[in-house]
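**Q** Just one file: target.txt, with compact mmCIF, C-alpha atoms.
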```txt
# COMPACT_ATOMS: atom_id res chain seq x y z
CA MET A 1 11.38 11.21 18.99
CA SER A 2 8.40 11.75 16.68
CA PHE A 3 7.78 14.01 13.71
CA VAL A 4 5.02 16.15 12.25
CA ALA A 5 5.04 17.11 8.57
CA ALA A 6 2.96 19.98 7.16
CA ASP A 7 2.31 21.39 3.71
CA LEU A 8 1.22 24.98 4.40
CA GLY A 9 -1.15 25.76 1.54
CA ALA A 10 -3.07 28.92 0.73
CA SER A 11 -6.45 27.44 1.59
CA SER A 12 -5.55 24.53 3.87
CA THR A 13 -2.71 22.81 5.71
CA ARG A 14 -2.18 19.14 4.87
CA TYR A 15 -0.33 17.42 7.68
CA THR A 16 0.74 14.01 8.91
CA SER A 17 2.91 12.42 11.58
CA ASP A 18 4.37 9.05 12.59
CA SER A 19 0.87 7.65 12.16
CA GLY A 20 1.05 7.93 8.38
CA LYS A 21 -2.49 9.33 8.24
CA ILE A 22 -2.90 12.59 6.35
CA ASP A 23 -5.39 15.14 7.66
CA VAL A 24 -6.41 18.66 6.64
CA LEU A 25 -6.75 21.85 8.66
CA PRO A 26 -8.25 25.08 7.30
CA ASN A 27 -5.75 27.89 6.78
CA ASN A 28 -7.83 30.92 7.75
CA MET A 29 -7.44 32.74 11.05
CA LYS A 30 -8.61 35.55 13.29
CA THR A 31 -6.35 36.72 16.11
CA LEU A 32 -8.19 37.68 19.30
CA PRO A 33 -6.91 40.79 21.10
CA ASP A 34 -6.34 39.05 24.44
CA MET A 35 -6.12 35.56 25.92
CA ASN A 36 -9.79 35.44 26.92
CA VAL A 37 -12.06 32.69 25.58
CA SER A 38 -14.54 33.82 22.92
CA LEU A 39 -18.32 33.47 23.20
CA ILE A 40 -18.62 31.51 19.94
CA ILE A 41 -20.33 28.12 20.21
CA PRO A 42 -18.98 25.36 17.91
CA ASP A 43 -21.36 23.68 15.48
CA SER A 44 -20.19 20.19 16.52
CA GLY A 45 -17.75 18.46 18.83
CA ASP A 46 -15.01 17.38 16.39
CA ILE A 47 -11.67 19.16 16.69
CA GLU A 48 -11.94 20.75 13.21
CA SER A 49 -15.11 22.52 14.36
CA CYS A 50 -13.54 23.66 17.65
CA LEU A 51 -10.40 25.40 16.45
CA GLU A 52 -10.09 28.08 19.09
CA ALA A 53 -6.60 27.89 20.53
CA GLN A 54 -4.54 29.72 23.14
CA ILE A 55 -0.91 29.10 22.19
CA THR A 56 1.90 29.81 24.64
CA ARG A 57 5.57 28.89 24.47
CA ASP A 58 8.64 28.99 26.67
CA GLY A 59 10.06 32.48 26.27
CA GLN A 60 9.66 35.06 23.54
CA ASP A 61 10.07 33.93 19.95
CA ALA A 62 12.23 35.81 17.47
CA MET A 63 9.31 37.49 15.68
CA GLY A 64 6.88 38.01 18.58
CA PHE A 65 4.19 35.72 17.12
CA PHE A 66 3.61 33.84 20.38
CA PRO A 67 1.79 33.80 22.76
CA THR A 68 -1.37 34.23 20.72
CA ASN A 69 -5.08 33.48 20.92
CA VAL A 70 -6.62 32.50 17.58
CA LEU A 71 -9.73 31.22 15.88
CA MET A 72 -9.36 29.06 12.78
CA GLY A 73 -11.66 27.37 10.29
CA ILE A 74 -15.37 27.52 11.04
CA MET A 75 -14.73 29.29 14.35
CA ALA A 76 -12.98 32.13 12.49
CA GLU A 77 -15.78 32.34 9.93
CA LYS A 78 -18.33 32.76 12.75
CA HIS A 79 -16.41 35.71 14.20
CA ARG A 80 -16.96 39.24 12.88
CA GLY A 81 -14.50 40.78 10.46
CA ILE A 82 -12.41 39.46 7.57
CA ASP A 83 -10.39 36.28 7.95
CA GLU A 84 -6.61 36.42 7.64
CA ARG A 85 -5.29 34.05 4.97
CA PRO A 86 -1.83 33.39 3.53
CA SER A 87 -0.83 36.05 1.02
CA VAL A 88 0.73 35.32 -2.35
CA ASN A 89 2.55 38.65 -2.18
CA THR A 90 4.73 37.73 0.81
CA HIS A 91 7.08 34.82 1.48
CA LYS A 92 5.55 32.07 3.59
CA HIS A 93 8.18 32.39 6.31
CA LYS A 94 7.23 36.04 6.89
CA GLN A 95 3.53 35.45 7.63
CA LYS A 96 2.27 34.73 11.14
CA ILE A 97 -0.56 32.51 9.92
CA ASN A 98 1.89 29.92 8.60
CA TYR A 99 3.72 29.73 11.94
CA VAL A 100 0.40 29.31 13.74
CA SER A 101 -0.74 26.64 11.25
CA ALA A 102 2.49 24.67 11.79
CA ILE A 103 1.99 24.68 15.58
CA MET A 104 -1.68 23.80 15.18
CA ALA A 105 -0.70 20.82 13.00
CA CYS A 106 1.54 19.61 15.84
CA ALA A 107 -1.10 20.20 18.50
CA VAL A 108 -3.94 18.50 16.64
CA SER A 109 -1.64 15.59 15.78
CA LYS A 110 -1.00 15.16 19.52
CA LEU A 111 -4.75 15.18 20.18
CA LYS A 112 -5.50 12.61 17.49
CA HIS A 113 -2.44 10.46 18.15
CA PRO A 114 -1.56 10.54 21.87
CA GLU A 115 1.22 8.02 21.24
CA LEU A 116 3.34 10.74 19.60
CA ALA A 117 6.42 11.59 21.64
CA GLU A 118 6.61 14.90 23.50
CA HIS A 119 9.63 15.92 21.39
CA VAL A 120 8.98 16.30 17.66
CA ASP A 121 10.91 17.21 14.53
CA LEU A 122 8.88 19.50 12.27
CA TYR A 123 9.05 19.03 8.48
CA LEU A 124 7.69 21.83 6.28
CA ALA A 125 7.21 22.20 2.52
CA THR A 126 8.01 25.66 1.16
CA PRO A 127 8.31 27.20 -2.31
CA PRO A 128 11.70 26.36 -3.88
CA ILE A 129 12.68 30.01 -4.17
CA GLU A 130 12.57 30.56 -0.39
CA VAL A 131 13.49 27.16 1.04
CA HIS A 132 16.89 28.17 2.45
CA ALA A 133 15.68 31.43 4.04
CA ALA A 134 12.56 29.68 5.33
CA LYS A 135 14.56 26.98 7.09
CA GLU A 136 16.42 29.53 9.19
CA ALA A 137 13.38 31.73 9.89
CA PHE A 138 11.03 28.89 10.82
CA ALA A 139 13.68 27.30 13.06
CA GLN A 140 14.30 30.55 14.95
CA VAL A 141 10.62 30.95 15.77
CA LEU A 142 9.20 27.44 15.96
CA CYS A 143 11.83 25.57 17.97
CA GLY A 144 10.71 25.53 21.59
CA THR A 145 8.19 24.09 24.04
CA TYR A 146 4.50 24.88 23.46
CA THR A 147 1.28 24.50 25.38
CA VAL A 148 -1.86 24.73 23.26
CA TYR A 149 -5.21 24.99 25.02
CA PHE A 150 -8.43 24.22 23.11
CA PRO A 151 -11.20 25.68 25.33
CA LYS A 152 -14.11 24.55 23.11
CA TYR A 153 -12.95 20.98 22.46
CA ASN A 154 -14.01 18.20 24.82
CA ASN A 155 -14.74 20.68 27.66
CA GLY A 156 -11.25 22.14 27.38
CA VAL A 157 -8.09 20.21 26.48
CA SER A 158 -4.40 21.14 26.61
CA VAL A 159 -1.43 19.53 24.85
CA THR A 160 2.25 20.22 25.47
CA PHE A 161 5.09 19.38 23.12
CA THR A 162 8.58 20.51 22.16
CA VAL A 163 9.69 21.25 18.61
CA ASP A 164 13.35 20.21 18.57
CA SER A 165 14.16 20.99 14.95
CA VAL A 166 12.61 22.38 11.77
CA LYS A 167 13.50 20.99 8.34
CA CYS A 168 12.31 22.69 5.13
CA TYR A 169 12.16 21.13 1.67
CA ALA A 170 11.07 22.50 -1.69
CA GLU A 171 7.43 21.72 -2.47
CA SER A 172 8.04 20.43 -5.97
CA TYR A 173 10.97 18.33 -4.70
CA MET A 174 8.69 16.64 -2.17
CA ALA A 175 6.05 16.06 -4.84
CA SER A 176 8.67 14.33 -6.98
CA ALA A 177 9.60 12.07 -4.05
CA ALA A 178 5.95 11.09 -3.68
CA PHE A 179 5.78 10.43 -7.43
CA PHE A 180 8.71 8.02 -7.40
CA PHE A 181 8.15 6.34 -4.00
CA ASN A 182 5.36 4.80 -1.94
CA MET A 183 4.81 6.07 1.59
CA ASN A 184 6.82 3.12 2.89
CA GLY A 185 9.80 4.20 0.78
CA THR A 186 9.64 1.48 -1.88
CA PRO A 187 9.91 2.64 -5.50
CA LYS A 188 6.63 2.66 -7.39
CA GLU A 189 6.65 0.13 -10.21
CA GLU A 190 4.52 2.36 -12.44
CA THR A 191 7.01 5.27 -12.27
CA ARG A 192 10.28 3.34 -12.08
CA GLN A 193 10.88 3.83 -15.83
CA TYR A 194 11.20 7.60 -15.34
CA LEU A 195 14.08 7.28 -12.88
CA SER A 196 16.38 7.05 -15.92
CA GLY A 197 15.11 10.14 -17.69
CA THR A 198 14.38 13.85 -17.33
CA VAL A 199 11.09 14.66 -15.59
CA LEU A 200 9.46 18.05 -15.05
CA HIS A 201 7.43 18.19 -11.84
CA LEU A 202 4.72 20.86 -11.93
CA ASP A 203 2.88 21.46 -8.65
CA ILE A 204 -0.11 23.78 -9.17
CA GLY A 205 -1.38 25.14 -5.89
CA ALA A 206 -4.04 27.68 -5.00
CA SER A 207 -1.75 30.71 -5.06
CA THR A 208 1.57 29.49 -6.53
CA SER A 209 2.91 27.01 -9.06
CA ASP A 210 6.20 25.26 -8.27
CA LEU A 211 8.49 23.61 -10.80
CA SER A 212 11.48 21.32 -10.51
CA ILE A 213 13.31 18.78 -12.66
CA THR A 214 14.76 15.40 -11.79
CA LYS A 215 17.35 13.92 -14.13
CA ASN A 216 18.12 10.22 -13.73
CA GLY A 217 16.49 10.38 -10.31
CA LYS A 218 18.53 13.40 -9.19
CA PHE A 219 16.93 16.67 -8.22
CA LEU A 220 18.49 19.59 -10.12
CA ASP A 221 18.80 22.40 -7.62
CA LYS A 222 18.92 25.09 -10.30
CA SER A 223 15.55 23.91 -11.64
CA GLY A 224 13.56 24.86 -8.53
CA GLN A 225 11.24 27.75 -9.38
CA THR A 226 8.08 29.31 -7.95
CA TYR A 227 5.62 31.45 -9.90
CA ARG A 228 3.04 33.40 -7.96
CA ILE A 229 0.12 32.22 -9.99
CA GLY A 230 -2.23 29.34 -9.22
CA GLY A 231 -5.77 28.09 -9.05
CA ASN A 232 -7.03 31.22 -7.31
CA VAL A 233 -6.47 33.15 -10.54
CA ALA A 234 -8.88 30.80 -12.33
CA ARG A 235 -11.31 31.13 -9.42
CA ASP A 236 -11.23 34.94 -9.68
CA ASN A 237 -11.73 34.72 -13.46
CA LEU A 238 -14.78 32.54 -12.82
CA ILE A 239 -16.19 35.04 -10.31
CA ASP A 240 -15.99 37.78 -12.96
CA GLN A 241 -17.71 35.61 -15.57
CA ILE A 242 -20.54 34.59 -13.24
CA CYS A 243 -21.05 38.22 -12.24
CA GLN A 244 -21.38 39.19 -15.91
CA LYS A 245 -23.73 36.34 -16.83
CA PHE A 246 -25.86 35.95 -13.70
CA ALA A 247 -25.37 39.31 -11.90
CA ILE A 248 -24.20 37.42 -8.80
CA ASP A 249 -21.26 38.45 -6.61
CA LEU A 250 -20.08 34.95 -5.76
CA PRO A 251 -18.28 34.67 -2.37
CA LEU A 252 -14.82 33.09 -2.45
CA ALA A 253 -15.86 29.88 -0.67
CA ASP A 254 -18.78 29.38 -3.05
CA ALA A 255 -16.58 30.14 -6.07
CA GLU A 256 -14.11 27.45 -5.00
CA LYS A 257 -16.98 24.96 -4.78
CA VAL A 258 -18.19 25.96 -8.25
CA MET A 259 -14.65 25.47 -9.61
CA ALA A 260 -14.49 22.03 -8.02
CA GLU A 261 -17.93 20.91 -9.23
CA GLY A 262 -18.61 22.82 -12.46
CA ARG A 263 -22.13 23.70 -11.31
CA MET A 264 -23.66 26.53 -9.26
CA GLN A 265 -26.55 26.35 -6.84
CA GLN A 266 -29.69 28.31 -7.73
CA GLY A 267 -32.41 27.94 -5.15
CA MET A 268 -33.23 24.25 -4.73
CA GLY A 269 -31.40 23.24 -7.89
CA PHE A 270 -28.16 23.68 -9.80
CA VAL A 271 -27.17 25.32 -13.06
CA ASP A 272 -24.38 23.93 -15.25
CA VAL A 273 -21.51 26.44 -15.51
CA SER A 274 -18.85 23.99 -16.70
CA ASP A 275 -18.32 26.12 -19.82
CA LEU A 276 -17.37 29.11 -17.65
CA VAL A 277 -15.09 26.94 -15.52
CA MET A 278 -13.25 25.71 -18.61
CA VAL A 279 -12.81 29.28 -19.89
CA ALA A 280 -11.35 30.30 -16.52
CA LYS A 281 -8.95 27.36 -16.57
CA ARG A 282 -7.83 28.08 -20.14
CA GLU A 283 -7.10 31.71 -19.29
CA LEU A 284 -4.92 30.66 -16.36
CA ALA A 285 -3.20 28.00 -18.45
CA GLN A 286 -2.25 30.62 -21.04
CA GLN A 287 -0.72 32.82 -18.34
CA LEU A 288 1.18 29.92 -16.81
CA ASN A 289 2.52 28.75 -20.15
CA GLU A 290 4.06 32.18 -20.71
CA TYR A 291 6.05 31.63 -17.52
CA LEU A 292 6.99 28.11 -18.59
CA ASP A 293 8.42 29.36 -21.87
CA THR A 294 10.75 31.63 -19.90
CA TYR A 295 11.48 28.84 -17.39
CA PHE A 296 12.95 26.43 -19.93
CA LYS A 297 15.16 29.17 -21.35
CA ARG A 298 16.43 30.11 -17.88
CA ILE A 299 17.41 26.59 -16.81
CA GLN A 300 18.87 25.87 -20.27
CA ILE A 301 17.00 22.58 -20.66
CA PRO A 302 14.84 22.42 -23.82
CA ILE A 303 11.40 20.95 -23.24
CA GLN A 304 12.16 18.51 -26.06
CA MET A 305 14.69 16.89 -23.68
CA VAL A 306 11.98 16.26 -21.07
CA ASN A 307 10.69 12.68 -21.05
CA ALA A 308 7.62 13.34 -18.92
CA ILE A 309 5.67 16.08 -17.16
CA VAL A 310 4.13 15.12 -13.81
CA VAL A 311 1.41 17.42 -12.49
CA SER A 312 0.35 17.49 -8.83
CA GLY A 313 -1.50 19.86 -6.52
CA GLY A 314 -5.12 20.98 -6.62
CA GLY A 315 -4.64 22.07 -10.24
CA SER A 316 -4.26 18.45 -11.30
CA MET A 317 -7.78 17.56 -10.18
CA GLN A 318 -10.77 17.55 -12.53
CA SER A 319 -14.09 19.29 -11.79
CA GLN A 320 -16.76 16.82 -10.72
CA TYR A 321 -19.68 16.28 -8.36
CA ALA A 322 -21.55 13.36 -6.84
CA THR A 323 -25.21 12.68 -7.62
CA PRO A 324 -27.62 11.72 -4.79
CA GLU A 325 -27.07 8.12 -5.87
CA GLY A 326 -23.32 8.48 -5.36
CA GLU A 327 -22.39 8.55 -9.05
CA MET A 328 -19.48 10.88 -9.94
CA VAL A 329 -20.18 13.27 -12.82
CA LYS A 330 -17.16 14.86 -14.53
CA THR A 331 -17.80 18.41 -15.71
CA SER A 332 -14.39 19.60 -16.93
CA GLU A 333 -10.79 18.58 -17.34
CA PRO A 334 -8.29 19.57 -14.64
CA LEU A 335 -6.29 22.78 -14.99
CA SER A 336 -3.21 20.66 -15.68
CA TYR A 337 -4.88 19.37 -18.86
CA PHE A 338 -5.08 22.86 -20.34
CA VAL A 339 -1.51 23.66 -19.29
CA THR A 340 0.07 20.50 -20.68
CA GLN A 341 -2.07 20.55 -23.83
CA GLU A 342 0.00 23.46 -25.13
CA LEU A 343 3.25 22.04 -23.75
CA GLN A 344 2.71 18.91 -25.84
CA THR A 345 2.50 21.02 -28.98
CA TRP A 346 6.03 22.22 -28.10
CA SER A 347 7.21 18.64 -27.61
CA PRO A 348 4.78 15.96 -28.88
CA GLY A 349 6.99 13.14 -27.59
CA THR A 350 6.84 14.29 -23.96
CA ALA A 351 4.46 12.22 -21.84
CA VAL A 352 2.00 13.92 -19.47
CA ILE A 353 1.35 11.96 -16.30
CA PRO A 354 -1.36 12.85 -13.77
CA PHE A 355 -0.16 12.37 -10.22
CA GLY A 356 -3.23 10.37 -9.23
CA ASP A 357 -6.11 10.54 -6.76
CA ASN A 358 -4.00 12.04 -3.97
CA ALA A 359 -2.55 14.91 -6.01
CA ARG A 360 -3.32 17.49 -3.31
CA PHE A 361 -1.32 15.42 -0.83
CA ALA A 362 1.81 15.01 -2.96
CA ASN A 363 3.98 17.40 -0.95
CA VAL A 364 3.01 16.13 2.48
CA THR A 365 3.44 12.54 1.30
CA GLY A 366 6.96 13.43 0.17
CA LEU A 367 7.67 14.99 3.57
CA PHE A 368 6.49 11.80 5.27
CA ILE A 369 8.87 9.72 3.14
CA ARG A 370 11.73 12.12 3.91
CA ALA A 371 11.02 11.98 7.66
CA LYS A 372 10.85 8.19 7.72
CA ILE A 373 14.15 7.91 5.88
CA ASP A 374 15.75 10.26 8.41
CA GLU A 375 14.36 8.08 11.18
CA ILE A 376 15.94 4.98 9.70
CA LYS A 377 19.28 6.75 9.27
CA ARG A 378 19.26 7.70 12.97
CA LYS A 379 18.60 4.10 13.93
CA GLN A 380 21.44 2.91 11.73
CA GLN A 381 23.84 5.46 13.22
CA ALA A 382 22.81 4.48 16.74
CA ALA A 383 23.31 0.82 15.89
CA VAL A 384 26.76 1.51 14.44
CA ALA A 385 27.76 3.50 17.52
CA SER A 386 26.72 0.67 19.82
CA GLN A 387 28.77 -1.99 17.98
CA PRO A 388 32.22 -2.85 19.44
CA VAL A 389 33.60 -3.43 15.92
CA THR A 390 32.78 -1.94 12.54
CA PRO A 391 29.68 -3.82 11.36
CA THR A 392 28.51 -4.62 7.86
CA VAL A 393 25.35 -2.98 6.57
CA GLN A 394 23.54 -6.26 7.01
CA SER A 395 24.55 -6.71 10.66
CA VAL A 396 23.46 -3.15 11.44
CA ALA A 397 20.11 -3.85 9.88
CA GLN A 398 19.72 -7.02 11.94
CA GLY A 399 20.64 -5.05 15.05
CA ILE A 400 17.63 -2.78 14.60
CA GLY A 401 15.19 -5.56 13.83
CA GLN A 402 15.40 -5.57 10.03
CA THR A 403 15.50 -8.54 7.71
CA GLN A 404 18.09 -10.54 5.77
CA GLN A 405 16.93 -8.80 2.61
CA VAL A 406 18.55 -5.49 3.54
CA GLN A 407 21.78 -5.95 1.59
CA GLN A 408 19.93 -6.38 -1.67
CA VAL A 409 17.70 -3.40 -0.87
CA VAL A 410 20.67 -1.14 -0.11
CA ASN A 411 22.34 -2.18 -3.34
CA ASN A 412 19.18 -1.13 -5.17
CA GLY A 413 19.26 2.23 -3.36
CA ALA A 414 15.72 2.09 -1.95
CA VAL A 415 13.84 1.65 1.26
CA ALA A 416 12.00 -1.67 1.31
CA GLY A 417 9.07 -2.65 3.46
CA ALA A 418 5.40 -3.42 3.70
CA GLY A 419 3.96 -0.04 4.62
CA GLN A 420 0.43 1.30 4.55
CA THR A 421 -1.07 4.02 2.43
CA VAL A 422 -2.73 7.29 3.36
CA GLY A 423 -5.29 6.89 6.11
CA GLN A 424 -4.10 3.47 7.20
CA THR A 425 -1.92 2.33 10.05
CA THR A 426 1.70 3.14 10.73
CA PRO A 427 4.05 1.82 8.03
CA THR A 428 6.46 -0.96 9.03
CA TYR A 429 9.95 -0.57 7.60
CA THR A 430 12.09 -3.61 6.80
CA GLY A 431 14.84 -1.99 4.78
CA ALA A 432 17.53 0.64 4.79
CA PRO A 433 17.51 3.89 2.84
CA GLY A 434 20.84 3.66 1.09
CA GLN A 435 21.14 7.12 -0.45
CA VAL A 436 17.47 7.73 -1.06
CA MET A 437 16.70 11.45 -1.16
CA GLN A 438 20.09 12.63 0.02
CA ASP A 439 20.04 16.13 1.53
CA ARG A 440 20.87 18.91 -0.90
CA GLN A 441 23.44 21.61 -0.43
CA PRO A 442 22.97 25.00 -2.09
CA GLY A 443 24.11 24.85 -5.71
CA GLN A 444 24.38 21.06 -5.70
CA GLU A 445 22.16 18.26 -6.89
CA GLY A 446 20.13 16.46 -4.27
CA GLN A 447 19.92 12.74 -4.90
CA ILE A 448 16.66 10.82 -4.76
CA THR A 449 18.04 7.45 -5.73
CA GLN A 450 21.43 5.82 -6.22
```
Let me see whether you can do it: turn the structure in this file into structure tokens.

**A**
Amino acid sequence: MSFVAADLGASSTRYTSDSGKIDVLPNNMKTLPDMNVSLIIPDSGDIESCLEAQITRDGQDAMGFFPTNVLMGIMAEKHRGIDERPSVNTHKHKQKINYVSAIMACAVSKLKHPELAEHVDLYLATPPIEVHAAKEAFAQVLCGTYTVYFPKYNNGVSVTFTVDSVKCYAESYMASAAFFFNMNGTPKEETRQYLSGTVLHLDIGASTSDLSITKNGKFLDKSGQTYRIGGNVARDNLIDQICQKFAIDLPLADAEKVMAEGRMQQGMGFVDVSDLVMVAKRELAQQLNEYLDTYFKRIQIPIQMVNAIVVSGGGSMQSQYATPEGEMVKTSEPLSYFVTQELQTWSPGTAVIPFGDNARFANVTGLFIRAKIDEIKRKQQAAVASQPVTPTVQSVAQGIGQTQQVQQVVNNGAVAGAGQTVGQTTPTYTGAPGQVMQDRQPGQEGQITQ
């Protein structure tokens, strides 16, 4: 049994699998009217440039999304008409593009990692407000056997796999898991101090911002909240400003690049527009802070009781660009800076902690940790079932090839091991999960650590 984990974003899908390597797929799509291959020629031979896919499954799905013939990424951009993208006005589990993106994440994972088993468990990150409804909806449609044919990749390639189960977790909850734990499940030394406090996790995406709170390492279910406002609002503000100043109708893709770099191309050179980018970020921060004021009142936790604010997602990344010599030039603070700047005036003693270099991958990293812990639990249960007498935790661990250090690790309530980070090889686990990230029930607290 293998797994695939996907964070279905507004502009891209971040996904990973047993390999532990995180990749990105574009989240734009055009649906072709029939199952015939298009006449579009890819720009290059890599799979990301050849995303034309004919997706079939065993039997009709509950919503009639499959079979389907789609173009995604560059292939979709080369086709006439307007690309379909995830909408902020509709729940993720009601949009066909998110179902297609989940299956594409599985299919491309199989292409890149042929060692993945034919049967996979699918882990998805969804906004906290819809996680329970999404779990049922995604499972009804996505569970089944699929064949995905890529006619433009490597002279035509097919992969077949079966999705056995679908598990959904709140985006901000997964980001908090990635904040507290390494990808191999060991607690991070630099964040261990916040396991005994109250932490607000703010995940700023392209179209939504998700919030959650952990208290003494426990996820507070009532604190999960999604606001339909994100980085795209700042991008649209920037488009309006550039139109007023330069009389240019900036396309969305170019506007996103300007937001990321703080400069705009003009002919063979660039013009500095970092001042406009900062204005756009401040305007969005003001809007978001109005929501946050209401948020703290709703959950009945004063911000003064919050020890730290952790910001992840694309909004936690600063604007910068690389010179021809490879030097990075910072042009503006991240959106999170402008948001938390006002929050700190409400509570000067609250620390603001950037997630780090992999802020955009926080949710999918958390899903990976969750999936690996589930894998270890299954191995433990299988080992227990195979024992003629009731074993100790340590003997179970030895039975599945783990080390003598397990007992101490379990007592500490963490998964121990020498795993690898994003982009490296498959992590090797040498410990047991204890009660790390215990599954939540509606209305209850979900536990991250003992």

**Q** Closest to A:Ile376 among A:Pro33, A:Ala322, A:Arg360, A:Asn184, using all atoms listed in the file?

**A**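 When distances to A:Ile376 are compared using all atoms listed in the file, the smallest one comes from A:Asn184.
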
**Q** I'd like the neighbourhood of A:Ala53 as a list in words, where a residue qualifies if any of its atoms comes within 6 Å (using all atoms listed in the file), though same-chain residues fewer than 4 positions away should be ignored.

**A** Asn69, Val70, Tyr149 and Phe150 of chain A

**Q** One number please: atom CA of A:Ala255 to atom CA of A:Asp272, in Å, one decimal.

**A** 13.6 Å

**Q** Can you pull out every residue within 7 Å of A:Met75, counting only C-alpha atoms, but drop anything in the same chain fewer than 5 positions away, and send it as an NGL selection string?

**A** :A and (42 or 49-52)

**Q** Around the point (4.6, 22.1, 11.8) (coordinates from the file), which residues reach within 10 Å if we count all atoms listed in the file? Answer as a VMD selection string.

**A** chain A and resid 3 to 8 13 15 to 17 98 to 107 109 120 to 125 138 142 163 166 to 167

**Q** Once you have the residues from the selection above, write them out as an mmCIF file, in the coordinates of the input, restricted to C-alpha atoms.

**A**
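This went into again-v9.cif:
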```cif
data_model
loop_
_atom_site.group_PDB
_atom_site.id
_atom_site.type_symbol
_atom_site.label_atom_id
_atom_site.label_comp_id
_atom_site.auth_asym_id
_atom_site.auth_seq_id
_atom_site.Cartn_x
_atom_site.Cartn_y
_atom_site.Cartn_z
ATOM 1 C CA PHE A 3 7.780 14.010 13.710
ATOM 2 C CA VAL A 4 5.020 16.150 12.250
ATOM 3 C CA ALA A 5 5.040 17.110 8.570
ATOM 4 C CA ALA A 6 2.960 19.980 7.160
ATOM 5 C CA ASP A 7 2.310 21.390 3.710
ATOM 6 C CA LEU A 8 1.220 24.980 4.400
ATOM 7 C CA THR A 13 -2.710 22.810 5.710
ATOM 8 C CA TYR A 15 -0.330 17.420 7.680
ATOM 9 C CA THR A 16 0.740 14.010 8.910
ATOM 10 C CA SER A 17 2.910 12.420 11.580
ATOM 11 C CA ASN A 98 1.890 29.920 8.600
ATOM 12 C CA TYR A 99 3.720 29.730 11.940
ATOM 13 C CA VAL A 100 0.400 29.310 13.740
ATOM 14 C CA SER A 101 -0.740 26.640 11.250
ATOM 15 C CA ALA A 102 2.490 24.670 11.790
ATOM 16 C CA ILE A 103 1.990 24.680 15.580
ATOM 17 C CA MET A 104 -1.680 23.800 15.180
ATOM 18 C CA ALA A 105 -0.700 20.820 13.000
ATOM 19 C CA CYS A 106 1.540 19.610 15.840
ATOM 20 C CA ALA A 107 -1.100 20.200 18.500
ATOM 21 C CA SER A 109 -1.640 15.590 15.780
ATOM 22 C CA VAL A 120 8.980 16.300 17.660
ATOM 23 C CA ASP A 121 10.910 17.210 14.530
ATOM 24 C CA LEU A 122 8.880 19.500 12.270
ATOM 25 C CA TYR A 123 9.050 19.030 8.480
ATOM 26 C CA LEU A 124 7.690 21.830 6.280
ATOM 27 C CA ALA A 125 7.210 22.200 2.520
ATOM 28 C CA PHE A 138 11.030 28.890 10.820
ATOM 29 C CA LEU A 142 9.200 27.440 15.960
ATOM 30 C CA VAL A 163 9.690 21.250 18.610
ATOM 31 C CA VAL A 166 12.610 22.380 11.770
ATOM 32 C CA LYS A 167 13.500 20.990 8.340
#
```

**Q** Taking only C-alpha atoms into account, which of A:Tyr194, A:His201, A:Pro334, A:Lys152 comes nearest A:Met259?

**A**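 Closest to A:Met259 of all the choices is A:Pro334.
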
**Q** So how far away is atom CA of A:Gly224 from atom CA of A:Val88, in Å?

**A** 17.7 Å

**Q** Report the distance between atom CA of A:Lys245 and atom CA of A:Val258 in Å, rounded to one decimal place.

**A**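 Calculated distance between atom CA of A:Lys245 and atom CA of A:Val258 is 14.6 Å.
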
**Q** Using only C-alpha atoms, find the one residue out of A:Thr350, A:Phe179, A:Tyr321, A:Met1 that sits nearest to A:Ala362.

**A** A:Phe179

**Q** Nearest residue to A:Asn363 out of A:Glu261, A:Asp203, A:Glu283, A:Glu375, using all atoms listed in the file?

**A**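 Closest to A:Asn363 of all the choices is A:Asp203.
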
**Q** Show which residues sit within 9 Å of A:Leu211, as an MDAnalysis selection string. Count all atoms listed in the file, and ignore same-chain residues fewer than 3 positions away.

**A** chainID A and resid 128 171:173 200:204 223:227 295

**Q** Since we have the selection now, will you write its residues out, keeping C-alpha atoms, as a PDB file, in the coordinates of the input?

**A**
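File out.pdb, as written:
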```
ATOM      1  CA  PRO A 128      11.700  26.360  -3.880  1.00  0.00           C
ATOM      2  CA  GLU A 171       7.430  21.720  -2.470  1.00  0.00           C
ATOM      3  CA  SER A 172       8.040  20.430  -5.970  1.00  0.00           C
ATOM      4  CA  TYR A 173      10.970  18.330  -4.700  1.00  0.00           C
ATOM      5  CA  LEU A 200       9.460  18.050 -15.050  1.00  0.00           C
ATOM      6  CA  HIS A 201       7.430  18.190 -11.840  1.00  0.00           C
ATOM      7  CA  LEU A 202       4.720  20.860 -11.930  1.00  0.00           C
ATOM      8  CA  ASP A 203       2.880  21.460  -8.650  1.00  0.00           C
ATOM      9  CA  ILE A 204      -0.110  23.780  -9.170  1.00  0.00           C
ATOM     10  CA  SER A 223      15.550  23.910 -11.640  1.00  0.00           C
ATOM     11  CA  GLY A 224      13.560  24.860  -8.530  1.00  0.00           C
ATOM     12  CA  GLN A 225      11.240  27.750  -9.380  1.00  0.00           C
ATOM     13  CA  THR A 226       8.080  29.310  -7.950  1.00  0.00           C
ATOM     14  CA  TYR A 227       5.620  31.450  -9.900  1.00  0.00           C
ATOM     15  CA  TYR A 295      11.480  28.840 -17.390  1.00  0.00           C
TER      16      TYR A 295
END
```

**Q** From the set A:Val277, A:Ala253, A:Ile129, A:Leu292, which residue has the shortest atom-to-atom contact distance to A:Lys222, counting only C-alpha atoms?

**A**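 Of all the options, A:Ile129 lies closest to A:Lys222.
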